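See below for the structure under consideration.
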There are 2 protein chains.
Amino acid sequence: MSLKVALAQINFVVGNIAANVDAIVTAAVYARDQLQAELVVFPELTITGYPAEDLLLRSDFIAAANNAIYELADRVTDIAIVVGYPELKGQQLYNSAVVLYQGVIVANYRKQFLPNYGVFDEQRYFVAGNEPSVFEFNGVFIGLSICEDVWTDGFINTYKEAGAELMLTLNASPFNAGKVHQREAVVCQQVKEAGLPLVYVNQVGGQDELIFDGASFVVDANGQIVFRAEEFKEQISVVDFDGVNPLKTHCAPLYNYISSEYQALVLGIKDYVRKNGFKGALLGLSGGIDSALVLALAVDALGAERVEVVLMPSAYTQDMSNEDAVLEAEALRVKYHIIPIAPAVEAFTGMLAGVFEGTAKDTTEENIQARCRGVILMALSNKKGKLLLTTGNKSEMSVGYATLYGDMAGGFAPIKDVPKLLVYQLANYRNSLSAVIPERVITRPPSAELAPDQVDADSLPPYDVLDPILERYVELDQSADEIVAAGYKQADVARAISLVDRNEYKRRQSPPGIKITSRSFGRDRRYPITSGYRGV
Amino acid sequence: MSLKVALAQINFVVGNIAANVDAIVTAAVYARDQLQAELVVFPELTITGYPAEDLLLRSDFIAAANNAIYELADRVTDIAIVVGYPELKGQQLYNSAVVLYQGVIVANYRKQFLPNYGVFDEQRYFVAGNEPSVFEFNGVFIGLSICEDVWTDGFINTYKEAGAELMLTLNASPFNAGKVHQREAVVCQQVKEAGLPLVYVNQVGGQDELIFDGASFVVDANGQIVFRAEEFKEQISVVDFDGVNPLKTHCAPLYNYISSEYQALVLGIKDYVRKNGFKGALLGLSGGIDSALVLALAVDALGAERVEVVLMPSAYTQDMSNEDAVLEAEALRVKYHIIPIAPAVEAFTGMLAGVFEGTAKDTTEENIQARCRGVILMALSNKKGKLLLTTGNKSEMSVGYATLYGDMAGGFAPIKDVPKLLVYQLANYRNSLSAVIPERVITRPPSAELAPDQVDADSLPPYDVLDPILERYVELDQSADEIVAAGYKQADVARAISLVDRNEYKRRQSPPGIKITSRSFGRDRRYPITSGYRGV
């Protein structure tokens, strides 16, 4: 007795049911005809893409998704297809997996553990199922499960008791740095305890703030990984089973933390531009490290010909900033424009002279400069149909060291979840592949260049102090006391935390960006703007 | 046997535990000493305010909230206090109500039905309780419940079976137009079926996008309302019970739809400004109906001396717009500035001439005008510490008829959830109190005035067609086919829906605004930006 199981790690588009059905058919036919697979497994909620969010509340959308299952059953025969869909049964919606074979539904399973934390809102949409689903195929008893299920202690054991010999798991498990290791460790441990081999298929691709990293895998009954698909790429693969024992085949190597983060960012930009139909991307290039990194990411994602940049110097822009920005553009062979902002800044200064009479200069004047740049960049974005990438990093987003409608203007914020220290690491990593960012950009002190001789360290603790404090406060929910006890100065902790607390209003209006840490800003961290909570 | 129960309808600040505890003590002492109440009931999650969102994931915050219960028990004696708090028990968090009397905890109840739809995310934070809690006080057996519980069929009956003679309900039930009628109808029906009298205490106040409208009430065992507190105001009241029978007392009259919406908007502005510590508010006044209404709301919320406006005419601004804007400012006695935008627009036009050479004029040039206004308004907001109110309405937010970082710039968007037709109704309502908006502003065709002789009707269906289509699509989740079947033209439906579908990216970056309809944009409607779903 043998079985050939295909893993279809596909990049679906949320909401486009017709296109997703076509992609499923194409993949299933390929698995059947090219890989001789007898059964093909797709990711969680294949039909709708994941997460479809409040589209799942629309009855027209749900009807279309349920009808698509019957269409799919008719369109492909001679291979068993396992797909996920939002199953409507009476008035209740389930996150389900269905097995289609020779035009009929062979089995149906309703997800039992619905995550409702972090970026997940599944209890907003779905009712939990309450029983396992085991079906016989080619003489093998196969159990169905979905994502969170197999992270749950004892879950796979319930399938052993129900008679399953092999588990299939449909997943939409989003990326953060190191997640692939955690995922494999948890699932392999559950598999080992139950002694049932498991086929794990994950979605791949970018969807707004989330990256699905693929890295689908097969584990044998001992908890050993015998196959792994590549990270961050579509891939349809097949694994041979001798009875219920999966035979060892190719395990794609895993990226390390830094390179996986870089790949995630590239995929995030690529898919946001492609899936939203932009002609390309543009950004403001300051000569600083953040925009240098975003430019490299954009070129790696889209190709140099689809990216262009604008240098917008002011009186406070140092010569080396302009020189380095030009070097970056030339190294990556992207088109660049130089538009000094003085005429607009002077116009606003004149227009506001009356109402500002008698007031002292403050951040208002700095913000005007940043907002003049925002107007120019948005004008280019509007005129050219290119996505404006904003270049702020997570450290800045945390403490509000950015101007709303100024440097925060843009449709997508690729490094919004990348702390400043990691920005440097990613820049060095990219330079290790080929030198595209001048060394001076990496070594000089960071500056917003909105006032004479300004550097970030004037108003913020140094990043090697700030970043770990922010990680503890924002990602780990530590209190000020805990952070001080960990060895940070009271004054630095107080400064960082109070800035985080009072800048929620800026973050609420920031563009979406790519989640790469354990907790990003956005759906992952939902704080009130109006709040009397003070972390210090 | 008699009982005097106080209803403490208080405006709490989310996150400020110390201030909330002080407010509870003050109210309890007032209820005891001035109203001779023996028991006082507060709203849901009194200690933290509602909704505290992800603050509830912080262990320092939860510890402080739990400690506050013991502090409260010590600080007030000789009156039973019923307050809500996030109860930590082992590793699990409950949405609980506790009864404190003479320094000890007399009873504790864990909410059994946790809403996780619309604006609610309670399953993100809380585990559901699974049993009723009845305590004896002054010889009466009293049952505890929290908000969603009493909307649930059969819930109150379980308390009857558990021996309760009187129900207390702690609530944080947010406003939308007509909600007060729905709330009273549902609760009275449940009360009537079970035959248990009920004391319903609701939170009051604005919290980011939500308004809690108060209107706390007492229902007798027949389902008749015998007391109602005012809407939109803090109020501590007392109701006498003869045994378990509440005696009829004052029932505050309810506002009608229009006046309740107006009150909600005023309270929303007032609380956002106050709770976030702004010195006042400012806005751009165009001579159009939207900014006229927002100005009237702001003045009614904050007083004329805390509001200022800016007129920013361009070449496309008609004389009557400037005239009417001045009339509005003068009618409401607010300070106004006039800053023509031509110098900045000309500066940008010159700066972009090179890169735009050979391109045709399009919305880019219109957006530049709107963004120059955004820069001026933000500069004034920054310099003066006043909140910038943006003036876009729900119809515009739905179809994206607004400029990101232009007229969408601002910290708060009071009429973001007010459809255009309702803007007119609210303007007429305000004028019926005293004439502050010139009649011409109400009767002239709406225009963005970003191009010669432009009117909204050039690019949008008329609002009496557009608004009902939007309500059906956005609030009721109807499909295009259903809307056409209801009598709307295919072309209008298609135009409206496709604009809604493709403008999610703008809405994601808009400031928060006040929810007044059954579904607002924001936490209430969570759509993906990247989406292949097409409603048409």
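Scheme for the structure tokens: letters A, B, ... for chains in order shown; per-chain residue numbers from 1; ligand numbers from 1 in order shown.
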
Could you name the residues that touch Leu352 in chain B at 9 Å or less, counting only C-alpha atoms, but leaving out those on the same chain fewer than 2 positions away, as a short mmCIF file (atom, residue, chain, number, x, y, z; two decimals) with N, CA, C and O atoms, in the first residue's frame?
data_model
loop_
_atom_site.label_atom_id
_atom_site.label_comp_id
_atom_site.auth_asym_id
_atom_site.auth_seq_id
_atom_site.Cartn_x
_atom_site.Cartn_y
_atom_site.Cartn_z
N ILE A 339 14.43 67.60 -6.06
CA ILE A 339 13.50 68.72 -5.93
C ILE A 339 13.73 69.39 -4.58
O ILE A 339 13.21 68.94 -3.56
N ILE A 376 5.06 66.66 -2.16
CA ILE A 376 5.76 66.36 -3.41
C ILE A 376 5.68 64.87 -3.73
O ILE A 376 5.37 64.47 -4.86
N ALA A 379 2.23 63.87 -4.81
CA ALA A 379 1.93 64.37 -6.15
C ALA A 379 2.53 63.43 -7.20
O ALA A 379 1.87 63.07 -8.18
N LEU A 380 3.75 63.00 -6.97
CA LEU A 380 4.38 62.06 -7.90
C LEU A 380 3.65 60.72 -7.90
O LEU A 380 3.45 60.11 -8.95
N ALA B 347 4.18 77.53 -5.58
CA ALA B 347 5.52 76.99 -5.29
C ALA B 347 5.61 75.52 -5.71
O ALA B 347 6.53 75.12 -6.41
N PHE B 348 4.64 74.74 -5.32
CA PHE B 348 4.65 73.31 -5.69
C PHE B 348 4.54 73.13 -7.20
O PHE B 348 5.21 72.27 -7.78
N THR B 349 3.70 73.95 -7.83
CA THR B 349 3.55 73.84 -9.28
C THR B 349 4.90 74.06 -9.96
O THR B 349 5.29 73.32 -10.86
N GLY B 350 5.61 75.06 -9.48
CA GLY B 350 6.93 75.34 -10.05
C GLY B 350 7.93 74.22 -9.77
O GLY B 350 8.68 73.79 -10.65
N GLY B 354 9.17 70.40 -13.75
CA GLY B 354 10.12 69.56 -14.47
C GLY B 354 9.65 68.12 -14.59
O GLY B 354 9.53 67.57 -15.68
N VAL B 355 9.34 67.49 -13.47
CA VAL B 355 8.93 66.08 -13.50
C VAL B 355 7.56 65.87 -14.12
O VAL B 355 7.26 64.78 -14.61
N PHE B 356 6.72 66.91 -14.10
CA PHE B 356 5.36 66.76 -14.65
C PHE B 356 5.30 67.17 -16.13
O PHE B 356 4.23 67.13 -16.73
N GLU B 357 6.43 67.60 -16.69
CA GLU B 357 6.42 68.09 -18.06
C GLU B 357 5.80 67.06 -19.01
O GLU B 357 6.16 65.88 -18.97
#

Expected answer as a list in words: chain B residues within 6 Å of chain A, only C-alpha atoms: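 Listed by rising number, the hits are Val14, Gly15, Asn16, Glu53, Asp54, Arg58, Asn116, Tyr117, Arg124, Asp208, Asn276, Pro343, Ala344, Ala347, Thr364, Ala379, Asn382, Lys383, Tyr405, Asp477, Gln509, Ser510, Arg526, Tyr527, Thr530, Ser531, Gly532 and Tyr533 of chain B.
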
Export of the given selection (N, CA, C and O atoms) as an mmCIF file, in the first residue's frame:
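Printed below is selection_0.cif as written:
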data_model
loop_
_atom_site.group_PDB
_atom_site.id
_atom_site.type_symbol
_atom_site.label_atom_id
_atom_site.label_comp_id
_atom_site.auth_asym_id
_atom_site.auth_seq_id
_atom_site.Cartn_x
_atom_site.Cartn_y
_atom_site.Cartn_z
ATOM 1 N N VAL B 14 -10.818 55.774 30.246
ATOM 2 C CA VAL B 14 -10.192 54.482 30.006
ATOM 3 C C VAL B 14 -8.731 54.520 30.452
ATOM 4 O O VAL B 14 -7.986 55.442 30.114
ATOM 5 N N GLY B 15 -8.352 53.537 31.242
ATOM 6 C CA GLY B 15 -6.941 53.356 31.584
ATOM 7 C C GLY B 15 -6.487 54.053 32.843
ATOM 8 O O GLY B 15 -5.454 53.682 33.397
ATOM 9 N N ASN B 16 -7.245 55.058 33.290
ATOM 10 C CA ASN B 16 -6.800 55.812 34.470
ATOM 11 C C ASN B 16 -7.445 55.238 35.735
ATOM 12 O O ASN B 16 -8.435 55.756 36.256
ATOM 13 N N GLU B 53 -9.273 47.884 25.646
ATOM 14 C CA GLU B 53 -8.531 47.243 24.551
ATOM 15 C C GLU B 53 -7.293 46.504 25.078
ATOM 16 O O GLU B 53 -7.354 45.844 26.119
ATOM 17 N N ASP B 54 -6.156 46.613 24.368
ATOM 18 C CA ASP B 54 -5.001 45.769 24.712
ATOM 19 C C ASP B 54 -4.288 46.164 26.005
ATOM 20 O O ASP B 54 -3.342 45.482 26.414
ATOM 21 N N ARG B 58 -1.815 43.744 29.606
ATOM 22 C CA ARG B 58 -0.659 44.134 30.422
ATOM 23 C C ARG B 58 -0.843 43.649 31.852
ATOM 24 O O ARG B 58 -1.814 44.013 32.521
ATOM 25 N N ASN B 116 -18.253 39.542 20.659
ATOM 26 C CA ASN B 116 -17.028 39.539 19.858
ATOM 27 C C ASN B 116 -17.346 39.895 18.404
ATOM 28 O O ASN B 116 -16.804 39.322 17.472
ATOM 29 N N TYR B 117 -18.258 40.842 18.248
ATOM 30 C CA TYR B 117 -18.708 41.275 16.921
ATOM 31 C C TYR B 117 -18.706 42.794 16.912
ATOM 32 O O TYR B 117 -18.553 43.437 17.961
ATOM 33 N N ARG B 124 -11.153 38.316 22.886
ATOM 34 C CA ARG B 124 -9.704 38.528 22.802
ATOM 35 C C ARG B 124 -9.081 38.572 24.200
ATOM 36 O O ARG B 124 -7.906 38.264 24.360
ATOM 37 N N ASP B 208 -12.691 57.645 22.131
ATOM 38 C CA ASP B 208 -12.265 57.497 20.743
ATOM 39 C C ASP B 208 -13.481 57.484 19.803
ATOM 40 O O ASP B 208 -14.138 58.489 19.664
ATOM 41 N N ASN B 276 -7.968 64.068 26.078
ATOM 42 C CA ASN B 276 -6.640 64.057 25.483
ATOM 43 C C ASN B 276 -5.862 65.349 25.755
ATOM 44 O O ASN B 276 -4.761 65.530 25.224
ATOM 45 N N PRO B 343 0.162 81.084 -2.808
ATOM 46 C CA PRO B 343 1.635 81.048 -2.802
ATOM 47 C C PRO B 343 2.188 79.625 -2.711
ATOM 48 O O PRO B 343 3.130 79.268 -3.419
ATOM 49 N N ALA B 344 1.593 78.792 -1.872
ATOM 50 C CA ALA B 344 2.095 77.424 -1.734
ATOM 51 C C ALA B 344 1.787 76.594 -2.979
ATOM 52 O O ALA B 344 2.633 75.839 -3.466
ATOM 53 N N ALA B 347 4.185 77.533 -5.582
ATOM 54 C CA ALA B 347 5.520 76.994 -5.292
ATOM 55 C C ALA B 347 5.605 75.518 -5.713
ATOM 56 O O ALA B 347 6.530 75.119 -6.412
ATOM 57 N N THR B 364 -4.244 64.972 -9.467
ATOM 58 C CA THR B 364 -3.015 65.336 -8.766
ATOM 59 C C THR B 364 -3.018 66.802 -8.375
ATOM 60 O O THR B 364 -2.709 67.161 -7.230
ATOM 61 N N ALA B 379 0.016 73.050 10.801
ATOM 62 C CA ALA B 379 0.963 73.996 11.390
ATOM 63 C C ALA B 379 0.286 74.775 12.526
ATOM 64 O O ALA B 379 0.861 74.951 13.608
ATOM 65 N N ASN B 382 -0.216 72.361 15.478
ATOM 66 C CA ASN B 382 1.048 72.139 16.189
ATOM 67 C C ASN B 382 1.424 73.347 17.032
ATOM 68 O O ASN B 382 1.807 73.228 18.194
ATOM 69 N N LYS B 383 1.318 74.505 16.440
ATOM 70 C CA LYS B 383 1.783 75.713 17.127
ATOM 71 C C LYS B 383 0.901 76.064 18.319
ATOM 72 O O LYS B 383 1.388 76.538 19.346
ATOM 73 N N TYR B 405 -4.149 63.268 3.638
ATOM 74 C CA TYR B 405 -3.200 64.294 4.070
ATOM 75 C C TYR B 405 -3.635 65.691 3.629
ATOM 76 O O TYR B 405 -2.918 66.665 3.836
ATOM 77 N N ASP B 477 -24.603 45.094 4.431
ATOM 78 C CA ASP B 477 -23.930 44.013 3.700
ATOM 79 C C ASP B 477 -24.756 43.462 2.535
ATOM 80 O O ASP B 477 -24.631 42.289 2.170
ATOM 81 N N GLN B 509 -6.206 55.180 6.875
ATOM 82 C CA GLN B 509 -5.354 56.246 7.399
ATOM 83 C C GLN B 509 -6.150 57.457 7.888
ATOM 84 O O GLN B 509 -5.572 58.498 8.179
ATOM 85 N N SER B 510 -7.449 57.316 7.952
ATOM 86 C CA SER B 510 -8.236 58.468 8.404
ATOM 87 C C SER B 510 -8.222 58.561 9.918
ATOM 88 O O SER B 510 -7.994 57.581 10.612
ATOM 89 N N ARG B 526 -13.985 45.862 9.469
ATOM 90 C CA ARG B 526 -12.576 45.518 9.291
ATOM 91 C C ARG B 526 -12.387 44.848 7.943
ATOM 92 O O ARG B 526 -12.585 43.640 7.808
ATOM 93 N N TYR B 527 -12.033 45.636 6.962
ATOM 94 C CA TYR B 527 -11.868 45.105 5.615
ATOM 95 C C TYR B 527 -10.392 45.067 5.258
ATOM 96 O O TYR B 527 -9.615 45.921 5.663
ATOM 97 N N THR B 530 -5.815 44.993 0.614
ATOM 98 C CA THR B 530 -5.516 44.104 -0.514
ATOM 99 C C THR B 530 -6.658 43.103 -0.624
ATOM 100 O O THR B 530 -6.821 42.248 0.240
ATOM 101 N N SER B 531 -7.466 43.245 -1.653
ATOM 102 C CA SER B 531 -8.658 42.406 -1.748
ATOM 103 C C SER B 531 -9.088 42.240 -3.185
ATOM 104 O O SER B 531 -9.186 43.220 -3.929
ATOM 105 N N GLY B 532 -9.327 41.006 -3.571
ATOM 106 C CA GLY B 532 -9.847 40.731 -4.905
ATOM 107 C C GLY B 532 -11.358 40.712 -4.936
ATOM 108 O O GLY B 532 -11.952 40.484 -5.988
ATOM 109 N N TYR B 533 -11.988 40.950 -3.789
ATOM 110 C CA TYR B 533 -13.454 40.980 -3.775
ATOM 111 C C TYR B 533 -13.934 42.199 -4.527
ATOM 112 O O TYR B 533 -13.434 43.296 -4.326
#

Close residues, Pro438 in chain A itself excluded, 8 Å, only C-alpha atoms, min 2 positions apart in chain, as a ChimeraX atom specification: /A:324,327-328,435-436,440-442
